[in-house]
Amino acid sequence: MSDEAEAEAEGPRGERIAKFLARAGVASRRDVEKLIAEGLVRLGGKLVTSPATFVAPGDQISVNGKPIAMPERTRLFRYHKPTGFVTTHRDPEGRPTVFANLPQGLPRLVSVGRLDLTSEGLLLLTNDGALARRLELPANGWLRRYRVRVHGKVNERALAALARGVTVDGVAYGPIEAGLDARMGTNAWLTVALREGKNREVRKVMAHLELAVTRLIRTAYGPFQLGSLPRGAAEEVNAKVLREQLGLDAPKRGREAAAEPEASEAEAAKPQRTPRARHAGPQTPRRSKG
């Protein structure tokens with residue numbers, strides 16, 4: 001069901017609890033459904049057993065015993081993920097997570113897609129789980145761009161052939177743009193761009209070409225760029241840019257009803273800064289040097 005049809009279906013009954021909690025930044029709708037199945041969600045003190053349960057204005061909701069406030073205005077952040085962190089709120093193996101190491105003062109956030117433990121670079125974070133789900137859809141056709149360091153002999157013809165798509169271990173991957181930037185002995189830097197972003201896609205496709213990925217940096221996700229954002233830092237995307245890029249013109253909700261200053265054209269072109277995290281390190285290598 002489309003978002004428009006879903007809204008019509010809900011009507012005066014309110015909003016489905018899975019969608020409500022996703023907008024509140026608790027988790028994606030899919031993860032909210034898992035929380036409900038685990039018996040962690042209550043509405044008005046009663047256990048919620050179905051993600052199709054409706055929420056009306058003024059309803060009291062709690063997740064794992066913690067009360068959930070009404071959703072705030074939609075916010076989006078660019079975050080420079082360092083290596084060594086998993087993109088999850090809880091890790092059963094006890095590894096450090098992105099969300100436990102964000103700068104102070106940020107709202108509860110969910111990620112738009114993921115970067116694995118040893119990958120780094122641009123990670124989009126939002127307080128609106130419904131928006132995260134929308135931005136992850138391959139149907140949006142947003143290009144994800146990477147700088148990739150590989151070990152092995154690079155066959156430029158094989159790289160060019162990826163533009164027609166490739167099947168690896170029975171998994172069909174869509175067209176991938178890949179080009180050689182620089183060689184350094186048995187190592188090389190590549191620029192890789194794709195639109196699907198399947199699980200570990202870049203690493204699996206490179207392994208298919210007998211290239212071992214030794215560094216993977218996401219530099220862009222759709223119109224949003226990593227730029228010079230320091231490692232471990234987060235910057236909020238300007239509200240006007242958010243509206244222009246994503247068409248978020250819906251009426252303000254809850255705390256968003258407070259007056260919002262209109263950004264100037266110059267301000268709209270750059271994100272707003274939030275405090276930097278503790279993690280610092282070398283930046284993305286200059287393209288001209290590989």
# chains A, B, ... in the order shown; residues from 1 in each chain; ligands from 1
call {"tool": "residues_around", "arguments": {"residues": "A:Pro138", "least_positions_apart": "2", "cutoff": "6 Å", "atoms": "only C-alpha atoms", "output": "list in words"}}
result
Asn140, Gly141 and Glu196 of chain A
call {"tool": "write_last_selection", "arguments": {"atoms": "N, CA and C atoms", "output": "PDB file, in the first residue's frame"}}
result
ATOM      1  N   ASN A 140      14.241   4.633  -5.706  1.00  0.00           N
ATOM      2  CA  ASN A 140      14.602   6.048  -5.727  1.00  0.00           C
ATOM      3  C   ASN A 140      15.723   6.326  -6.727  1.00  0.00           C
ATOM      4  N   GLY A 141      16.515   5.300  -7.017  1.00  0.00           N
ATOM      5  CA  GLY A 141      17.585   5.455  -8.004  1.00  0.00           C
ATOM      6  C   GLY A 141      18.712   6.360  -7.558  1.00  0.00           C
ATOM      7  N   GLU A 196      21.852   0.100  -6.163  1.00  0.00           N
ATOM      8  CA  GLU A 196      21.112  -0.863  -5.363  1.00  0.00           C
ATOM      9  C   GLU A 196      21.614  -0.939  -3.923  1.00  0.00           C
TER      10      GLU A 196
END
call {"tool": "residues_around", "arguments": {"residues": "A:Arg195", "least_positions_apart": "4", "cutoff": "8 Å", "atoms": "only C-alpha atoms", "output": "PDB file with all heavy atoms, in the first residue's frame"}}
result
ATOM      1  N   PRO A 138      15.608   1.046  -3.543  1.00  0.00           N
ATOM      2  CA  PRO A 138      16.321   1.122  -4.824  1.00  0.00           C
ATOM      3  C   PRO A 138      15.525   1.884  -5.881  1.00  0.00           C
ATOM      4  O   PRO A 138      16.101   2.455  -6.802  1.00  0.00           O
ATOM      5  CB  PRO A 138      16.491  -0.353  -5.218  1.00  0.00           C
ATOM      6  CG  PRO A 138      16.411  -1.107  -3.928  1.00  0.00           C
ATOM      7  CD  PRO A 138      15.428  -0.350  -3.084  1.00  0.00           C
ATOM      8  N   GLY A 141      16.515   5.300  -7.017  1.00  0.00           N
ATOM      9  CA  GLY A 141      17.585   5.455  -8.004  1.00  0.00           C
ATOM     10  C   GLY A 141      18.712   6.360  -7.558  1.00  0.00           C
ATOM     11  O   GLY A 141      19.455   6.889  -8.395  1.00  0.00           O
ATOM     12  N   TRP A 142      18.879   6.542  -6.240  1.00  0.00           N
ATOM     13  CA  TRP A 142      19.956   7.408  -5.777  1.00  0.00           C
ATOM     14  C   TRP A 142      21.299   6.704  -5.901  1.00  0.00           C
ATOM     15  O   TRP A 142      21.457   5.559  -5.511  1.00  0.00           O
ATOM     16  CB  TRP A 142      19.711   7.788  -4.324  1.00  0.00           C
ATOM     17  CG  TRP A 142      18.858   9.015  -4.206  1.00  0.00           C
ATOM     18  CD1 TRP A 142      18.190   9.642  -5.206  1.00  0.00           C
ATOM     19  CD2 TRP A 142      18.598   9.763  -3.025  1.00  0.00           C
ATOM     20  NE1 TRP A 142      17.517  10.726  -4.724  1.00  0.00           N
ATOM     21  CE2 TRP A 142      17.751  10.832  -3.396  1.00  0.00           C
ATOM     22  CE3 TRP A 142      18.985   9.638  -1.697  1.00  0.00           C
ATOM     23  CZ2 TRP A 142      17.291  11.768  -2.474  1.00  0.00           C
ATOM     24  CZ3 TRP A 142      18.531  10.576  -0.784  1.00  0.00           C
ATOM     25  CH2 TRP A 142      17.698  11.631  -1.172  1.00  0.00           C
ATOM     26  N   LEU A 143      22.254   7.434  -6.450  1.00  0.00           N
ATOM     27  CA  LEU A 143      23.587   6.883  -6.659  1.00  0.00           C
ATOM     28  C   LEU A 143      24.381   6.916  -5.361  1.00  0.00           C
ATOM     29  O   LEU A 143      24.437   7.939  -4.678  1.00  0.00           O
ATOM     30  CB  LEU A 143      24.309   7.707  -7.727  1.00  0.00           C
ATOM     31  CG  LEU A 143      25.502   7.063  -8.423  1.00  0.00           C
ATOM     32  CD1 LEU A 143      25.042   5.892  -9.280  1.00  0.00           C
ATOM     33  CD2 LEU A 143      26.233   8.084  -9.294  1.00  0.00           C
ATOM     34  N   ARG A 144      24.996   5.778  -4.992  1.00  0.00           N
ATOM     35  CA  ARG A 144      25.891   5.721  -3.844  1.00  0.00           C
ATOM     36  C   ARG A 144      27.310   5.613  -4.399  1.00  0.00           C
ATOM     37  O   ARG A 144      27.608   4.698  -5.162  1.00  0.00           O
ATOM     38  CB  ARG A 144      25.584   4.497  -2.964  1.00  0.00           C
ATOM     39  CG  ARG A 144      24.147   4.516  -2.392  1.00  0.00           C
ATOM     40  CD  ARG A 144      23.264   3.546  -3.162  1.00  0.00           C
ATOM     41  NE  ARG A 144      21.862   3.600  -2.781  1.00  0.00           N
ATOM     42  CZ  ARG A 144      21.297   2.816  -1.901  1.00  0.00           C
ATOM     43  NH1 ARG A 144      22.016   1.893  -1.280  1.00  0.00           N
ATOM     44  NH2 ARG A 144      20.023   2.908  -1.639  1.00  0.00           N
ATOM     45  N   GLY A 174      22.901  -5.052 -10.209  1.00  0.00           N
ATOM     46  CA  GLY A 174      22.613  -4.131 -11.289  1.00  0.00           C
ATOM     47  C   GLY A 174      23.863  -3.455 -11.808  1.00  0.00           C
ATOM     48  O   GLY A 174      24.978  -3.733 -11.347  1.00  0.00           O
ATOM     49  N   PRO A 175      23.703  -2.535 -12.760  1.00  0.00           N
ATOM     50  CA  PRO A 175      24.852  -1.832 -13.336  1.00  0.00           C
ATOM     51  C   PRO A 175      25.684  -1.122 -12.268  1.00  0.00           C
ATOM     52  O   PRO A 175      25.143  -0.499 -11.363  1.00  0.00           O
ATOM     53  CB  PRO A 175      24.205  -0.824 -14.289  1.00  0.00           C
ATOM     54  CG  PRO A 175      22.882  -1.437 -14.640  1.00  0.00           C
ATOM     55  CD  PRO A 175      22.432  -2.132 -13.403  1.00  0.00           C
ATOM     56  N   ILE A 176      27.007  -1.260 -12.399  1.00  0.00           N
ATOM     57  CA  ILE A 176      27.942  -0.624 -11.478  1.00  0.00           C
ATOM     58  C   ILE A 176      28.943   0.175 -12.298  1.00  0.00           C
ATOM     59  O   ILE A 176      29.528  -0.336 -13.253  1.00  0.00           O
ATOM     60  CB  ILE A 176      28.697  -1.672 -10.630  1.00  0.00           C
ATOM     61  CG1 ILE A 176      27.715  -2.471  -9.766  1.00  0.00           C
ATOM     62  CG2 ILE A 176      29.762  -1.009  -9.760  1.00  0.00           C
ATOM     63  CD1 ILE A 176      28.356  -3.630  -9.027  1.00  0.00           C
TER      64      ILE A 176
END
call {"tool": "closest_atom_pairs", "arguments": {"of": "stretch 34-83 of chain A", "to": "stretch 91-109 of chain A", "cutoff": "12 Å", "atoms": "only C-alpha atoms", "output": "JSON lines"}}
result
{"residue": "A:Ile68", "atom": "CA", "partner": "A:Arg108", "partner_atom": "CA", "distance": 10.9}
{"residue": "A:Ala69", "atom": "CA", "partner": "A:Arg108", "partner_atom": "CA", "distance": 11.2}
{"residue": "A:Pro71", "atom": "CA", "partner": "A:Arg108", "partner_atom": "CA", "distance": 10.7}
{"residue": "A:Glu72", "atom": "CA", "partner": "A:Pro107", "partner_atom": "CA", "distance": 9.5}
{"residue": "A:Arg73", "atom": "CA", "partner": "A:Pro107", "partner_atom": "CA", "distance": 11.0}
{"residue": "A:Thr74", "atom": "CA", "partner": "A:Leu109", "partner_atom": "CA", "distance": 10.6}
{"residue": "A:Arg75", "atom": "CA", "partner": "A:Leu109", "partner_atom": "CA", "distance": 9.1}
{"residue": "A:Leu76", "atom": "CA", "partner": "A:Leu109", "partner_atom": "CA", "distance": 8.9}
{"residue": "A:Phe77", "atom": "CA", "partner": "A:Leu109", "partner_atom": "CA", "distance": 9.1}
{"residue": "A:Arg78", "atom": "CA", "partner": "A:Leu102", "partner_atom": "CA", "distance": 11.4}
{"residue": "A:Tyr79", "atom": "CA", "partner": "A:Leu102", "partner_atom": "CA", "distance": 8.7}
{"residue": "A:His80", "atom": "CA", "partner": "A:Leu102", "partner_atom": "CA", "distance": 10.0}
{"residue": "A:Lys81", "atom": "CA", "partner": "A:Val98", "partner_atom": "CA", "distance": 7.3}
{"residue": "A:Pro82", "atom": "CA", "partner": "A:Val98", "partner_atom": "CA", "distance": 8.6}
{"residue": "A:Thr83", "atom": "CA", "partner": "A:Val98", "partner_atom": "CA", "distance": 9.8}
call {"tool": "closest_residue", "arguments": {"among": "A:Gly247, A:Gly129, A:Pro230, A:Gly165", "to": "A:Ala27", "atoms": "only C-alpha atoms"}}
result
A:Gly129
call {"tool": "residues_around", "arguments": {"residues": "stretch 46-55 of chain A", "least_positions_apart": "4", "cutoff": "6 Å", "atoms": "only C-alpha atoms", "output": "number ranges by chain"}}
result
A: 14-18, 33, 41-42
call {"tool": "write_last_selection", "arguments": {"atoms": "C-alpha atoms", "output": "tab-separated table (two decimals), in the first residue's frame"}}
result
chain	number	residue	atom	x	y	z
A	14	GLY	CA	-5.14	7.90	13.70
A	15	GLU	CA	-1.88	6.33	12.57
A	16	ARG	CA	-0.62	2.75	12.63
A	17	ILE	CA	1.67	2.26	15.60
A	18	ALA	CA	4.53	0.88	13.48
A	33	GLU	CA	7.37	-4.97	14.11
A	41	VAL	CA	5.54	-2.13	23.04
A	42	ARG	CA	2.60	-0.92	25.13
call {"tool": "residues_around", "arguments": {"residues": "A:Gly84", "least_positions_apart": "2", "cutoff": "7 Å", "atoms": "only C-alpha atoms", "output": "short mmCIF file (atom, residue, chain, number, x, y, z; two decimals) with all heavy atoms, in the first residue's frame"}}
result
data_model
loop_
_atom_site.label_atom_id
_atom_site.label_comp_id
_atom_site.auth_asym_id
_atom_site.auth_seq_id
_atom_site.Cartn_x
_atom_site.Cartn_y
_atom_site.Cartn_z
N PRO A 82 33.57 6.22 11.25
CA PRO A 82 34.92 5.64 11.26
C PRO A 82 34.83 4.12 11.10
O PRO A 82 33.75 3.53 11.23
CB PRO A 82 35.45 6.00 12.66
CG PRO A 82 34.42 6.91 13.28
CD PRO A 82 33.14 6.62 12.59
N VAL A 86 29.79 -0.83 14.28
CA VAL A 86 28.68 -1.45 13.54
C VAL A 86 27.51 -0.48 13.52
O VAL A 86 27.30 0.29 14.45
CB VAL A 86 28.26 -2.80 14.18
CG1 VAL A 86 29.35 -3.84 14.00
CG2 VAL A 86 27.91 -2.63 15.65
N LEU A 117 31.28 -3.10 9.49
CA LEU A 117 32.26 -2.81 10.52
C LEU A 117 33.51 -2.11 9.99
O LEU A 117 34.00 -1.15 10.57
CB LEU A 117 32.65 -4.11 11.24
CG LEU A 117 33.69 -3.99 12.36
CD1 LEU A 117 33.07 -3.31 13.58
CD2 LEU A 117 34.22 -5.39 12.74
N THR A 118 34.04 -2.59 8.87
CA THR A 118 35.31 -2.08 8.35
C THR A 118 35.14 -1.02 7.26
O THR A 118 36.13 -0.56 6.71
CB THR A 118 36.17 -3.24 7.81
OG1 THR A 118 35.43 -3.95 6.81
CG2 THR A 118 36.55 -4.19 8.93
#
call {"tool": "residues_around", "arguments": {"residues": "A:Ala212", "least_positions_apart": "5", "cutoff": "6 Å", "atoms": "only C-alpha atoms", "output": "PDB file with N, CA and C atoms, in the first residue's frame"}}
result
ATOM      1  N   VAL A 150      41.992  -1.353  -3.459  1.00  0.00           N
ATOM      2  CA  VAL A 150      42.005  -2.797  -3.680  1.00  0.00           C
ATOM      3  C   VAL A 150      43.434  -3.295  -3.824  1.00  0.00           C
ATOM      4  N   HIS A 151      43.600  -4.571  -3.530  1.00  0.00           N
ATOM      5  CA  HIS A 151      44.893  -5.238  -3.702  1.00  0.00           C
ATOM      6  C   HIS A 151      44.719  -6.305  -4.780  1.00  0.00           C
ATOM      7  N   ALA A 207      35.735  -9.040  -5.167  1.00  0.00           N
ATOM      8  CA  ALA A 207      36.288 -10.382  -4.969  1.00  0.00           C
ATOM      9  C   ALA A 207      36.054 -11.239  -6.200  1.00  0.00           C
TER      10      ALA A 207
END
call {"tool": "select_by_dssp", "arguments": {"residues": "stretch 114-245 of chain A", "states": "strand (DSSP E or B)", "output": "number ranges by chain"}}
result
A: 120-126, 144-151, 166-168, 171-173, 177-184, 187-194, 212-221, 224-225, 234-236
